[in-house]
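Below is data.tsv, holding TSV, C-alpha atoms.
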```tsv
chain	number	residue	atom	x	y	z
Z	1	MET	CA	-32.84	18.60	15.16
Z	2	THR	CA	-36.34	17.15	14.73
Z	3	VAL	CA	-37.57	14.48	12.35
Z	4	SER	CA	-39.53	17.07	10.40
Z	5	SER	CA	-36.44	19.25	9.89
Z	6	ASN	CA	-34.19	16.37	8.89
Z	7	PRO	CA	-35.77	13.66	6.69
Z	8	TYR	CA	-32.74	11.42	7.12
Z	9	LEU	CA	-33.65	10.83	10.74
Z	10	GLU	CA	-36.33	8.50	9.41
Z	11	ASP	CA	-33.66	6.20	8.00
Z	12	PRO	CA	-33.28	3.27	10.46
Z	13	ASP	CA	-29.58	2.95	9.62
Z	14	VAL	CA	-28.98	6.61	10.43
Z	15	LEU	CA	-30.73	6.00	13.75
Z	16	LEU	CA	-28.48	3.01	14.39
Z	17	PHE	CA	-25.40	5.11	13.72
Z	18	LEU	CA	-26.70	7.80	16.07
Z	19	GLU	CA	-27.11	5.10	18.72
Z	20	PHE	CA	-23.50	4.17	18.16
Z	21	GLN	CA	-22.66	7.86	18.53
Z	22	ARG	CA	-24.21	7.64	22.00
Z	23	GLY	CA	-21.91	4.73	22.81
Z	24	ASP	CA	-23.81	1.63	21.72
Z	25	ARG	CA	-21.21	-0.58	20.04
Z	26	LEU	CA	-23.84	-3.17	19.18
Z	27	ALA	CA	-25.49	-0.65	16.85
Z	28	PHE	CA	-22.26	-0.37	14.85
Z	29	GLU	CA	-21.95	-4.15	14.73
Z	30	LYS	CA	-25.44	-4.35	13.25
Z	31	LEU	CA	-24.52	-1.82	10.58
Z	32	MET	CA	-21.36	-3.75	9.76
Z	33	GLU	CA	-23.28	-6.96	9.51
Z	34	LYS	CA	-25.73	-5.34	7.13
Z	35	TYR	CA	-23.27	-3.51	4.90
Z	36	TYR	CA	-19.90	-5.25	5.09
Z	37	LYS	CA	-20.54	-7.89	2.45
Z	38	ARG	CA	-22.26	-5.42	0.13
Z	39	ILE	CA	-19.43	-2.91	0.30
Z	40	LEU	CA	-16.88	-5.71	-0.06
Z	41	ASN	CA	-18.52	-6.91	-3.26
Z	42	PHE	CA	-19.00	-3.43	-4.62
Z	43	ILE	CA	-15.26	-2.78	-4.21
Z	44	TYR	CA	-14.33	-6.26	-5.39
Z	45	ARG	CA	-16.23	-5.85	-8.64
Z	46	PHE	CA	-14.82	-2.38	-9.15
Z	47	THR	CA	-11.18	-3.29	-8.46
Z	48	ALA	CA	-11.32	-6.97	-9.54
Z	49	ASP	CA	-8.93	-7.80	-6.70
Z	50	SER	CA	-10.32	-9.76	-3.75
Z	51	ALA	CA	-7.41	-9.12	-1.35
Z	52	LEU	CA	-7.45	-5.41	-2.12
Z	53	ALA	CA	-11.23	-5.37	-1.69
Z	54	GLU	CA	-10.85	-6.85	1.81
Z	55	ASP	CA	-8.33	-4.16	2.79
Z	56	LEU	CA	-10.33	-1.30	1.31
Z	57	THR	CA	-13.56	-2.49	2.92
Z	58	GLN	CA	-11.83	-2.43	6.30
Z	59	GLU	CA	-10.68	1.09	5.48
Z	60	VAL	CA	-14.24	2.15	4.62
Z	61	PHE	CA	-15.55	0.97	7.98
Z	62	ILE	CA	-12.62	2.46	9.86
Z	63	ARG	CA	-13.44	5.80	8.15
Z	64	VAL	CA	-17.10	5.43	9.16
Z	65	TYR	CA	-16.10	4.49	12.71
Z	66	ASN	CA	-13.71	7.41	13.07
Z	67	SER	CA	-16.23	9.95	11.85
Z	68	VAL	CA	-18.67	9.14	14.64
Z	69	SER	CA	-17.91	12.22	16.72
Z	70	SER	CA	-18.48	14.67	13.87
Z	71	TYR	CA	-21.37	12.79	12.21
Z	72	ARG	CA	-24.45	14.80	11.23
Z	73	PRO	CA	-26.97	12.97	9.02
Z	74	GLN	CA	-27.04	14.67	5.63
Z	75	SER	CA	-27.98	11.67	3.53
Z	76	LYS	CA	-29.21	8.14	4.01
Z	77	PHE	CA	-26.62	5.98	5.76
Z	78	GLN	CA	-26.43	3.68	2.76
Z	79	THR	CA	-25.68	6.57	0.39
Z	80	TRP	CA	-23.02	7.85	2.75
Z	81	VAL	CA	-21.22	4.55	3.20
Z	82	TYR	CA	-21.28	3.82	-0.55
Z	83	THR	CA	-19.93	7.30	-1.25
Z	84	ILE	CA	-17.01	6.60	1.09
Z	85	ALA	CA	-16.46	3.25	-0.63
Z	86	ARG	CA	-16.56	4.92	-4.03
Z	87	ASN	CA	-14.01	7.56	-3.03
Z	88	ILE	CA	-11.65	5.05	-1.45
Z	89	SER	CA	-11.85	2.76	-4.49
Z	90	LEU	CA	-11.26	5.59	-6.94
Z	91	ASN	CA	-8.29	6.90	-4.96
Z	92	GLN	CA	-6.81	3.44	-4.86
Z	93	LEU	CA	-7.26	2.85	-8.58
Z	94	ARG	CA	-5.76	6.20	-9.45
Z	95	TYR	CA	-2.83	5.45	-7.21
Z	96	GLN	CA	-2.26	2.02	-8.56
Z	97	LYS	CA	-3.21	1.82	-12.21
Z	98	LYS	CA	-3.87	-1.81	-12.67
Z	99	LYS	CA	-2.96	-3.60	-15.85
Z	100	TRP	CA	-5.73	-5.75	-17.13
Z	101	VAL	CA	-4.20	-8.65	-18.99
Z	102	SER	CA	-6.42	-10.15	-21.61
Z	103	LEU	CA	-6.71	-13.89	-21.70
Z	104	ASP	CA	-6.07	-13.70	-25.41
Z	105	GLU	CA	-2.69	-12.13	-25.00
Z	106	ALA	CA	0.54	-14.06	-24.90
Z	107	PHE	CA	3.33	-12.49	-22.84
Z	108	GLU	CA	7.14	-12.58	-22.57
Z	109	THR	CA	9.12	-13.83	-19.59
Z	110	GLU	CA	12.79	-14.65	-19.04
Z	111	ASP	CA	12.03	-18.16	-20.26
Z	112	GLY	CA	10.55	-16.92	-23.50
Z	113	GLU	CA	7.00	-16.46	-24.63
Z	114	VAL	CA	4.19	-17.89	-22.53
Z	115	LYS	CA	1.19	-18.83	-24.59
Z	116	ARG	CA	-2.36	-18.52	-23.35
Z	117	GLN	CA	-3.04	-21.11	-20.67
Z	118	VAL	CA	-6.80	-20.97	-21.08
Z	119	MET	CA	-8.41	-22.75	-23.94
Z	120	ASP	CA	-10.21	-20.80	-26.60
Z	121	LEU	CA	-14.00	-20.80	-26.32
Z	122	THR	CA	-14.21	-21.68	-29.97
Z	123	GLY	CA	-11.86	-24.62	-29.56
Z	124	GLU	CA	-12.67	-28.22	-28.90
Z	125	SER	CA	-15.30	-29.02	-26.33
Z	126	PRO	CA	-13.73	-28.46	-22.88
Z	127	ASP	CA	-15.38	-29.77	-19.76
Z	128	GLN	CA	-18.18	-27.79	-18.21
Z	129	GLU	CA	-16.19	-26.36	-15.34
Z	130	ILE	CA	-13.52	-24.85	-17.58
Z	131	LEU	CA	-16.19	-23.46	-19.86
Z	132	ARG	CA	-18.04	-21.91	-16.95
Z	133	GLN	CA	-14.83	-20.43	-15.58
Z	134	GLU	CA	-13.90	-18.94	-18.91
Z	135	ARG	CA	-17.33	-17.48	-19.34
Z	136	LEU	CA	-17.05	-15.90	-15.92
Z	137	GLU	CA	-13.63	-14.47	-16.74
Z	138	ALA	CA	-15.01	-13.05	-19.94
Z	139	ILE	CA	-17.80	-11.34	-17.98
Z	140	GLU	CA	-15.28	-9.94	-15.49
Z	141	ASP	CA	-13.07	-8.77	-18.35
Z	142	ALA	CA	-16.03	-7.12	-20.04
Z	143	ILE	CA	-16.86	-5.19	-16.89
Z	144	ASN	CA	-13.23	-4.33	-16.20
Z	145	SER	CA	-12.81	-3.02	-19.71
Z	146	LEU	CA	-15.40	-0.30	-19.08
Z	147	PRO	CA	-14.22	3.20	-18.18
Z	148	GLU	CA	-14.23	3.85	-14.40
Z	149	ASN	CA	-17.45	5.85	-14.27
Z	150	GLN	CA	-19.41	3.49	-16.49
Z	151	ARG	CA	-18.13	0.54	-14.48
Z	152	MET	CA	-19.13	2.09	-11.19
Z	153	ALA	CA	-22.60	3.07	-12.38
Z	154	LEU	CA	-23.11	-0.40	-13.82
Z	155	ILE	CA	-22.07	-2.18	-10.62
Z	156	LEU	CA	-24.32	0.02	-8.51
Z	157	ARG	CA	-27.22	-0.65	-10.86
Z	158	ARG	CA	-26.77	-4.33	-11.63
Z	159	TYR	CA	-25.40	-5.74	-8.41
Z	160	ASP	CA	-26.59	-3.29	-5.77
Z	161	GLU	CA	-29.84	-2.64	-7.62
Z	162	PHE	CA	-29.85	1.06	-6.83
Z	163	SER	CA	-32.16	3.55	-8.49
Z	164	TYR	CA	-30.74	6.03	-10.98
Z	165	GLU	CA	-31.33	8.81	-8.45
Z	166	LYS	CA	-29.36	7.04	-5.75
Z	167	ILE	CA	-26.51	6.30	-8.16
Z	168	ALA	CA	-26.43	10.00	-9.06
Z	169	ARG	CA	-26.11	10.91	-5.37
Z	170	ILE	CA	-23.37	8.37	-4.72
Z	171	MET	CA	-21.44	9.34	-7.82
Z	172	ASN	CA	-22.07	13.03	-7.25
Z	173	CYS	CA	-23.40	13.64	-10.75
Z	174	SER	CA	-26.69	14.45	-12.46
Z	175	LEU	CA	-29.46	12.01	-13.29
Z	176	GLU	CA	-28.88	12.66	-16.98
Z	177	ALA	CA	-25.21	11.78	-16.56
Z	178	VAL	CA	-26.16	8.46	-14.94
Z	179	LYS	CA	-28.55	7.69	-17.81
Z	180	SER	CA	-25.82	8.39	-20.29
Z	181	LEU	CA	-23.23	6.34	-18.36
Z	182	LEU	CA	-25.51	3.35	-18.02
Z	183	SER	CA	-26.63	3.45	-21.65
Z	184	ARG	CA	-23.05	3.49	-22.86
Z	185	ALA	CA	-22.03	0.81	-20.35
Z	186	ARG	CA	-24.82	-1.49	-21.51
Z	187	GLU	CA	-23.99	-0.89	-25.13
Z	188	ASN	CA	-20.30	-1.68	-24.54
Z	189	LEU	CA	-21.17	-4.81	-22.59
Z	190	LYS	CA	-23.63	-5.95	-25.22
Z	191	THR	CA	-20.92	-5.71	-27.88
Z	192	ARG	CA	-18.40	-7.67	-25.83
Z	193	LEU	CA	-20.73	-10.26	-24.36
Z	194	SER	CA	-22.67	-10.99	-27.53
Z	195	ARG	CA	-19.37	-12.20	-29.02
Z	196	LEU	CA	-19.19	-14.66	-26.15
Z	197	GLU	CA	-22.71	-15.84	-26.88
Z	198	LYS	CA	-21.90	-16.45	-30.53
Z	199	ASP	CA	-18.94	-18.59	-29.47
R	1	MET	CA	-33.16	4.55	-45.39
R	2	GLU	CA	-35.77	6.22	-43.19
R	3	LYS	CA	-36.57	2.88	-41.60
R	4	LYS	CA	-32.86	2.29	-40.86
R	5	MET	CA	-32.44	5.67	-39.18
R	6	ARG	CA	-35.48	5.05	-37.10
R	7	CYS	CA	-34.19	1.67	-35.95
R	8	ARG	CA	-30.87	3.22	-34.99
R	9	ASP	CA	-32.63	5.86	-32.87
R	10	ILE	CA	-34.81	3.26	-31.23
R	11	GLN	CA	-31.87	0.99	-30.49
R	12	LYS	CA	-30.10	3.82	-28.68
R	13	LEU	CA	-33.09	4.06	-26.37
R	14	ILE	CA	-33.33	0.35	-25.62
R	15	PRO	CA	-31.10	0.40	-22.47
R	16	LEU	CA	-33.23	3.12	-20.91
R	17	PHE	CA	-36.41	1.40	-22.12
R	18	LEU	CA	-35.36	-1.80	-20.36
R	19	ASP	CA	-34.69	0.18	-17.17
R	20	SER	CA	-38.03	2.07	-17.42
R	21	GLN	CA	-36.16	5.35	-17.59
R	22	LEU	CA	-37.97	6.80	-20.61
R	23	SER	CA	-40.81	9.28	-20.45
R	24	PRO	CA	-44.26	7.69	-20.99
R	25	ARG	CA	-44.35	9.16	-24.50
R	26	GLU	CA	-40.89	7.88	-25.46
R	27	SER	CA	-41.67	4.53	-23.92
R	28	SER	CA	-44.83	4.19	-25.93
R	29	VAL	CA	-43.03	5.10	-29.19
R	30	VAL	CA	-40.29	2.54	-28.51
R	31	GLY	CA	-42.80	-0.15	-27.47
R	32	GLU	CA	-44.88	0.43	-30.59
R	33	HIS	CA	-41.80	0.22	-32.81
R	34	LEU	CA	-40.57	-2.95	-31.13
R	35	SER	CA	-43.87	-4.72	-31.64
R	36	GLY	CA	-43.46	-4.37	-35.38
R	37	CYS	CA	-39.68	-4.58	-35.93
R	38	VAL	CA	-37.94	-7.94	-35.75
R	39	LEU	CA	-34.48	-6.38	-36.00
R	40	CYS	CA	-34.99	-4.12	-32.97
R	41	GLN	CA	-36.64	-6.93	-31.03
R	42	LYS	CA	-33.55	-9.02	-31.66
R	43	GLU	CA	-31.37	-6.14	-30.44
R	44	LEU	CA	-33.48	-5.82	-27.30
R	45	ASN	CA	-33.01	-9.53	-26.62
R	46	VAL	CA	-29.23	-9.21	-26.99
R	47	TYR	CA	-29.23	-6.32	-24.51
R	48	GLN	CA	-31.35	-8.32	-22.11
R	49	ARG	CA	-29.21	-11.44	-22.34
R	50	SER	CA	-25.96	-9.55	-21.78
R	51	TRP	CA	-27.54	-7.90	-18.73
R	52	ASP	CA	-28.69	-11.25	-17.36
R	53	MET	CA	-25.27	-12.73	-17.96
R	54	LEU	CA	-23.70	-10.26	-15.49
R	55	LYS	CA	-25.42	-12.02	-12.60
R	56	GLU	CA	-23.21	-15.04	-13.20
R	57	TRP	CA	-20.45	-13.11	-11.42
R	58	GLN	CA	-21.37	-14.13	-7.93
R	59	ASP	CA	-20.64	-12.42	-4.62
R	60	MET	CA	-17.42	-13.12	-2.75
R	61	GLN	CA	-17.64	-13.91	0.95
R	62	PRO	CA	-15.86	-11.78	3.55
R	63	ALA	CA	-12.71	-13.35	4.99
R	64	ALA	CA	-13.20	-15.23	8.24
R	65	GLY	CA	-12.63	-12.99	11.24
R	66	TYR	CA	-13.18	-9.72	9.35
R	67	ALA	CA	-15.09	-8.23	12.29
R	68	ALA	CA	-12.37	-9.18	14.80
R	69	ARG	CA	-9.75	-7.66	12.47
R	70	PHE	CA	-11.77	-4.46	12.28
R	71	TRP	CA	-12.20	-4.12	16.05
R	72	THR	CA	-8.53	-4.85	16.62
R	73	GLN	CA	-7.61	-2.05	14.23
R	74	VAL	CA	-9.92	0.54	15.72
R	75	THR	CA	-9.27	-0.23	19.35
R	76	SER	CA	-5.52	-0.84	19.35
R	77	PRO	CA	-3.33	2.04	20.63
R	78	PRO	CA	-1.65	4.24	17.99
R	79	GLN	CA	1.59	2.81	16.62
R	80	PRO	CA	4.94	4.58	17.08
R	81	TRP	CA	6.23	6.42	13.98
R	82	TYR	CA	8.86	3.86	13.02
R	83	THR	CA	6.31	1.02	13.06
R	84	LYS	CA	4.08	3.08	10.79
R	85	ILE	CA	6.95	3.59	8.33
R	86	LEU	CA	7.82	-0.11	8.39
R	87	SER	CA	4.24	-1.22	7.90
R	88	GLY	CA	3.82	1.39	5.17
R	89	LEU	CA	6.85	0.02	3.35
R	90	LYS	CA	5.61	-3.52	3.81
R	91	GLU	CA	2.19	-2.62	2.46
R	92	ALA	CA	3.67	-0.70	-0.44
R	93	SER	CA	5.87	-3.62	-1.34
R	94	SER	CA	2.98	-6.07	-1.16
R	95	ARG	CA	0.96	-3.84	-3.52
R	96	ARG	CA	3.96	-3.13	-5.75
R	97	GLN	CA	3.90	0.53	-4.79
R	98	ILE	CA	7.45	0.47	-3.52
R	99	SER	CA	9.00	2.98	-5.93
R	100	PRO	CA	8.29	6.34	-4.19
R	101	ALA	CA	9.14	4.98	-0.73
R	102	LEU	CA	12.21	3.16	-1.98
R	103	VAL	CA	13.50	6.18	-3.89
R	104	THR	CA	13.16	8.34	-0.76
R	105	VAL	CA	14.96	5.82	1.43
R	106	CYS	CA	17.74	5.44	-1.17
R	107	LEU	CA	18.20	9.21	-1.48
R	108	VAL	CA	18.41	9.64	2.28
R	109	PHE	CA	20.93	6.78	2.47
R	110	ILE	CA	23.11	8.18	-0.33
R	111	LEU	CA	23.11	11.71	1.11
R	112	THR	CA	23.93	10.45	4.59
R	113	SER	CA	26.79	8.33	3.20
R	114	ILE	CA	28.29	11.27	1.29
R	115	LEU	CA	28.08	13.59	4.30
R	116	ALA	CA	29.57	10.98	6.64
R	117	LYS	CA	32.42	10.21	4.22
R	118	THR	CA	33.30	13.89	3.79
R	119	TYR	CA	33.21	14.46	7.54
R	120	PHE	CA	35.44	11.50	8.39
R	121	GLN	CA	37.93	12.31	5.62
R	122	ALA	CA	38.32	15.90	6.86
R	123	GLU	CA	38.75	14.70	10.41
R	124	GLN	CA	41.37	12.15	9.36
R	125	THR	CA	43.34	14.76	7.39
R	126	ASP	CA	43.34	17.11	10.40
R	127	ARG	CA	44.57	14.28	12.57
R	128	TYR	CA	47.50	13.54	10.20
R	129	LEU	CA	48.46	17.20	9.89
R	130	THR	CA	48.69	17.70	13.63
R	131	ARG	CA	51.21	14.84	13.78
R	132	LEU	CA	53.56	16.41	11.18
R	133	ASN	CA	56.54	18.57	12.10
R	134	SER	CA	57.30	21.85	10.30
R	135	GLU	CA	59.73	20.24	7.76
R	136	GLU	CA	57.16	17.67	6.73
R	137	ILE	CA	54.54	20.37	6.32
R	138	GLU	CA	56.93	22.37	4.08
R	139	LEU	CA	57.64	19.29	2.02
R	140	LEU	CA	53.94	18.72	1.56
R	141	GLU	CA	53.48	22.29	0.38
R	142	ASP	CA	56.39	21.88	-2.05
R	143	MET	CA	54.80	18.73	-3.43
R	144	GLU	CA	51.58	20.60	-3.99
R	145	LEU	CA	53.50	23.24	-5.90
R	146	ALA	CA	55.24	20.55	-7.92
R	147	GLN	CA	51.91	19.16	-9.01
R	148	HIS	CA	51.11	22.56	-10.52
R	149	PHE	CA	54.61	23.18	-11.89
R	150	ASP	CA	53.57	23.65	-15.52
R	151	VAL	CA	51.34	26.54	-14.55
R	152	ILE	CA	53.56	28.09	-11.94
R	153	LYS	CA	56.73	28.17	-14.02
R	154	ASN	CA	55.00	30.37	-16.58
R	155	ILE	CA	54.02	33.02	-14.05
R	156	GLU	CA	56.67	35.75	-14.44
R	157	ILE	CA	56.33	37.23	-10.99
R	158	LEU	CA	57.34	33.89	-9.45
R	159	GLU	CA	60.52	33.52	-11.54
R	160	ASP	CA	62.82	34.70	-8.75
R	161	PHE	CA	61.41	32.43	-6.07
R	162	ASP	CA	64.06	29.93	-4.86
R	163	ILE	CA	61.63	27.12	-4.51
R	164	LEU	CA	60.86	27.17	-8.24
R	165	LYS	CA	64.46	26.42	-9.01
R	166	ASN	CA	64.14	23.18	-7.00
R	167	LEU	CA	60.79	22.19	-8.40
R	168	ASP	CA	62.29	20.15	-11.23
R	169	SER	CA	63.99	17.92	-8.71
R	170	LEU	CA	60.86	17.63	-6.60
R	171	LYS	CA	58.83	16.65	-9.62
R	172	SER	CA	61.20	13.88	-10.61
```

Take the structure in this file and express it as structure tokens.
Amino acid sequence: MTVSSNPYLEDPDVLLFLEFQRGDRLAFEKLMEKYYKRILNFIYRFTADSALAEDLTQEVFIRVYNSVSSYRPQSKFQTWVYTIARNISLNQLRYQKKKWVSLDEAFETEDGEVKRQVMDLTGESPDQEILRQERLEAIEDAINSLPENQRMALILRRYDEFSYEKIARIMNCSLEAVKSLLSRARENLKTRLSRLEKD
Amino acid sequence: MEKKMRCRDIQKLIPLFLDSQLSPRESSVVGEHLSGCVLCQKELNVYQRSWDMLKEWQDMQPAAGYAARFWTQVTSPPQPWYTKILSGLKEASSRRQISPALVTVCLVFILTSILAKTYFQAEQTDRYLTRLNSEEIELLEDMELAQHFDVIKNIEILEDFDILKNLDSLKS
């Protein structure tokens, strides 16, 4: 396979993985160093669970590691590793439908009703730290409230700063679909976050 | 009314306009409209602020020793089957995914208990029967008949059997 026949052989990360295929463990360590934190945060923002994100990120790299013998570059390394991360995250979420509990909701326990523990943004002036924390939780809630596909497209765009084309490849959908997903995601976020601004 | 419709159309395009995803023609139409419409400019600012706000959610750091954990996992020898089951159960319980695994284990346990109980009961009965002499066996059979006396006494063909005449006494 020559460079001219396979454009992905120009990707330095693909070349690193091919070096690992030839037995250079250091090449894999370099790839891990480059991508571990990014994949961790991609999964963390998608699942909103830091412990789960740690486990799933390990799983992503174990999958990458184990596929070394059969690896043939058919995309950029980055696209490939994000696609694995996407699939693992989606499988996990479908397996374990997480309940997002709104901060505004009270809930029942054996000891009776537990009221909200976090102060209302519209309430009396809390200290800066609490305010900042609440604002952050509201942002996380806003993202978590998006449908899976919108959420994933948004994370890839906003936090990983990927192009629409790359997002389409990772999510295995058309460019038009990505445009539609991101437009709807931004509209939904605008509605939820502008309320926060007014408060 | 026409102005309102136009604003609504423009506002739908704002997310793609902000991301430079419109065609040059569309982009120029939106840009031109925005320069003269305060309402749509305001909408664009709200979109932009909500987008900026997302960056407040900062990155988490990988746990210390993540690389060592990874290399331990990929280089350690494969676990025996029972360890895999135990660690699977442990993981499922930690993620509150215990139900399918637990149901399977419970079913296996219940089935095994039923089979074992049936087997031991049959074996015990055999053991008792071998210890009985012929009179005791006959008595047992008579008692069985006595239990079904109400049915048996109404069967005409059995009327002449001697044992039926004694069944009343057996029953009492």

Per residue of chain R within 12 Å of chain Z, note the shortest atom pair and the distance in Å to one decimal, counting only C-alpha atoms, and order the rows by chain and increasing residue number, as a Markdown table.
```
| residue | atom | partner | partner_atom | distance |
| --- | --- | --- | --- | --- |
| R:Gln11 | CA | Z:Glu187 | CA | 9.7 |
| R:Lys12 | CA | Z:Ser183 | CA | 7.8 |
| R:Leu13 | CA | Z:Ser183 | CA | 8.0 |
| R:Ile14 | CA | Z:Ser183 | CA | 8.4 |
| R:Pro15 | CA | Z:Ser183 | CA | 5.5 |
| R:Leu16 | CA | Z:Ser183 | CA | 6.6 |
| R:Phe17 | CA | Z:Ser183 | CA | 10.0 |
| R:Leu18 | CA | Z:Ser183 | CA | 10.3 |
| R:Asp19 | CA | Z:Tyr164 | CA | 9.4 |
| R:Ser20 | CA | Z:Tyr164 | CA | 10.5 |
| R:Gln21 | CA | Z:Lys179 | CA | 8.0 |
| R:Leu22 | CA | Z:Lys179 | CA | 9.9 |
| R:Lys42 | CA | Z:Ser194 | CA | 11.8 |
| R:Glu43 | CA | Z:Lys190 | CA | 9.3 |
| R:Leu44 | CA | Z:Lys190 | CA | 10.1 |
| R:Asn45 | CA | Z:Lys190 | CA | 10.1 |
| R:Val46 | CA | Z:Lys190 | CA | 6.7 |
| R:Tyr47 | CA | Z:Lys190 | CA | 5.7 |
| R:Gln48 | CA | Z:Lys190 | CA | 8.7 |
| R:Arg49 | CA | Z:Lys190 | CA | 8.3 |
| R:Ser50 | CA | Z:Lys190 | CA | 5.5 |
| R:Trp51 | CA | Z:Arg186 | CA | 7.5 |
| R:Asp52 | CA | Z:Arg158 | CA | 9.2 |
| R:Met53 | CA | Z:Ile139 | CA | 7.6 |
| R:Leu54 | CA | Z:Ile139 | CA | 6.5 |
| R:Lys55 | CA | Z:Tyr159 | CA | 7.5 |
| R:Glu56 | CA | Z:Leu136 | CA | 6.8 |
| R:Trp57 | CA | Z:Leu136 | CA | 6.3 |
| R:Gln58 | CA | Z:Asn41 | CA | 9.1 |
| R:Asp59 | CA | Z:Asn41 | CA | 6.1 |
| R:Met60 | CA | Z:Asn41 | CA | 6.3 |
| R:Gln61 | CA | Z:Lys37 | CA | 6.8 |
| R:Pro62 | CA | Z:Lys37 | CA | 6.2 |
| R:Ala63 | CA | Z:Glu54 | CA | 7.5 |
| R:Ala64 | CA | Z:Glu54 | CA | 10.8 |
| R:Gly65 | CA | Z:Glu54 | CA | 11.4 |
| R:Tyr66 | CA | Z:Gln58 | CA | 8.0 |
| R:Ala67 | CA | Z:Met32 | CA | 8.1 |
| R:Ala68 | CA | Z:Glu29 | CA | 10.8 |
| R:Arg69 | CA | Z:Gln58 | CA | 8.4 |
| R:Phe70 | CA | Z:Gln58 | CA | 6.3 |
| R:Trp71 | CA | Z:Ile62 | CA | 9.0 |
| R:Thr72 | CA | Z:Ile62 | CA | 10.8 |
| R:Gln73 | CA | Z:Ile62 | CA | 8.0 |
| R:Val74 | CA | Z:Ile62 | CA | 6.7 |
| R:Thr75 | CA | Z:Ile62 | CA | 10.4 |
| R:Glu91 | CA | Z:Asp55 | CA | 10.6 |
| R:Ala92 | CA | Z:Gln96 | CA | 10.4 |
| R:Ser94 | CA | Z:Leu52 | CA | 10.5 |
| R:Arg95 | CA | Z:Gln96 | CA | 8.4 |
| R:Arg96 | CA | Z:Gln96 | CA | 8.6 |
| R:Gln97 | CA | Z:Gln96 | CA | 7.4 |
| R:Ile98 | CA | Z:Gln96 | CA | 11.0 |
| R:Ser99 | CA | Z:Gln96 | CA | 11.6 |
| R:Pro100 | CA | Z:Tyr95 | CA | 11.6 |
```

Self-check item: Residue with smallest distance to Glu148 (chain Z) - pool Z:Phe46, Z:Gln133, Z:Met171, Z:Ile84, counting only C-alpha atoms
Solution: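 Result for the nearest residue to Glu148 (chain Z): Z:Phe46.
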
Quiz item: Counting all atoms listed in the file, which of Z:Leu156, Z:Ile130, Z:Leu15, Z:Leu90 gets nearest to Phe28 (chain Z)?
Solution: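 Checking each candidate against Phe28 (chain Z), we get Z:Leu15 as the closest.
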
Quiz item: What is the CA of Ala122 (chain R)-CA of Ile110 (chain R) distance in Å, reported with one decimal?
Solution: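 Here the two named atoms are 18.5 Å from each other.
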
Quiz item: Got a sec: who's within 9 Å of Gln74 (chain Z), counting only C-alpha atoms, leaving out chain neighbours fewer than 3 positions off, as a ChimeraX atom specification?
Solution: /Z:6-8,71,77,80

Practice problem: Show which residues sit within 7 Å of Val178 (chain Z), as a list in words. Count all atoms listed in the file, and ignore same-chain residues fewer than 3 positions away. | Solution: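 Non-adjacent residues within range: Ala153, Tyr164, Ala168, Ser174, Leu175, Leu181 and Leu182 of chain Z.
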
Exercise. Determine, counting all atoms listed in the file, which protein, DNA and RNA residues have an atom within 12 Å of an atom of Pro73 (chain Z); residues of the same chain fewer than 2 positions away are not included. Present the result as a PyMOL selection string.
Key: chain Z and resi 1-3+5-18+21+67-71+75-81

Self-check item: Two-atom distance - CA of Leu56 (chain Z), CA of Asn188 (chain Z) (Å)
Solution: 27.7 Å

Quiz item: If you measure from CA of Val38 (chain R) to CA of Arg8 (chain R), what distance in Å do you get, rounded to one decimal?
Solution: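 Taking CA of Val38 (chain R) as the start and CA of Arg8 (chain R) as the end point, the length is 13.2 Å.
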
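Residue nearest Phe20 (chain Z) within the list Z:Gln92, Z:Asn149, Z:Glu134, Z:Val64: Z:Val64 [criterion: smallest interatomic distance, all atoms listed in the file].
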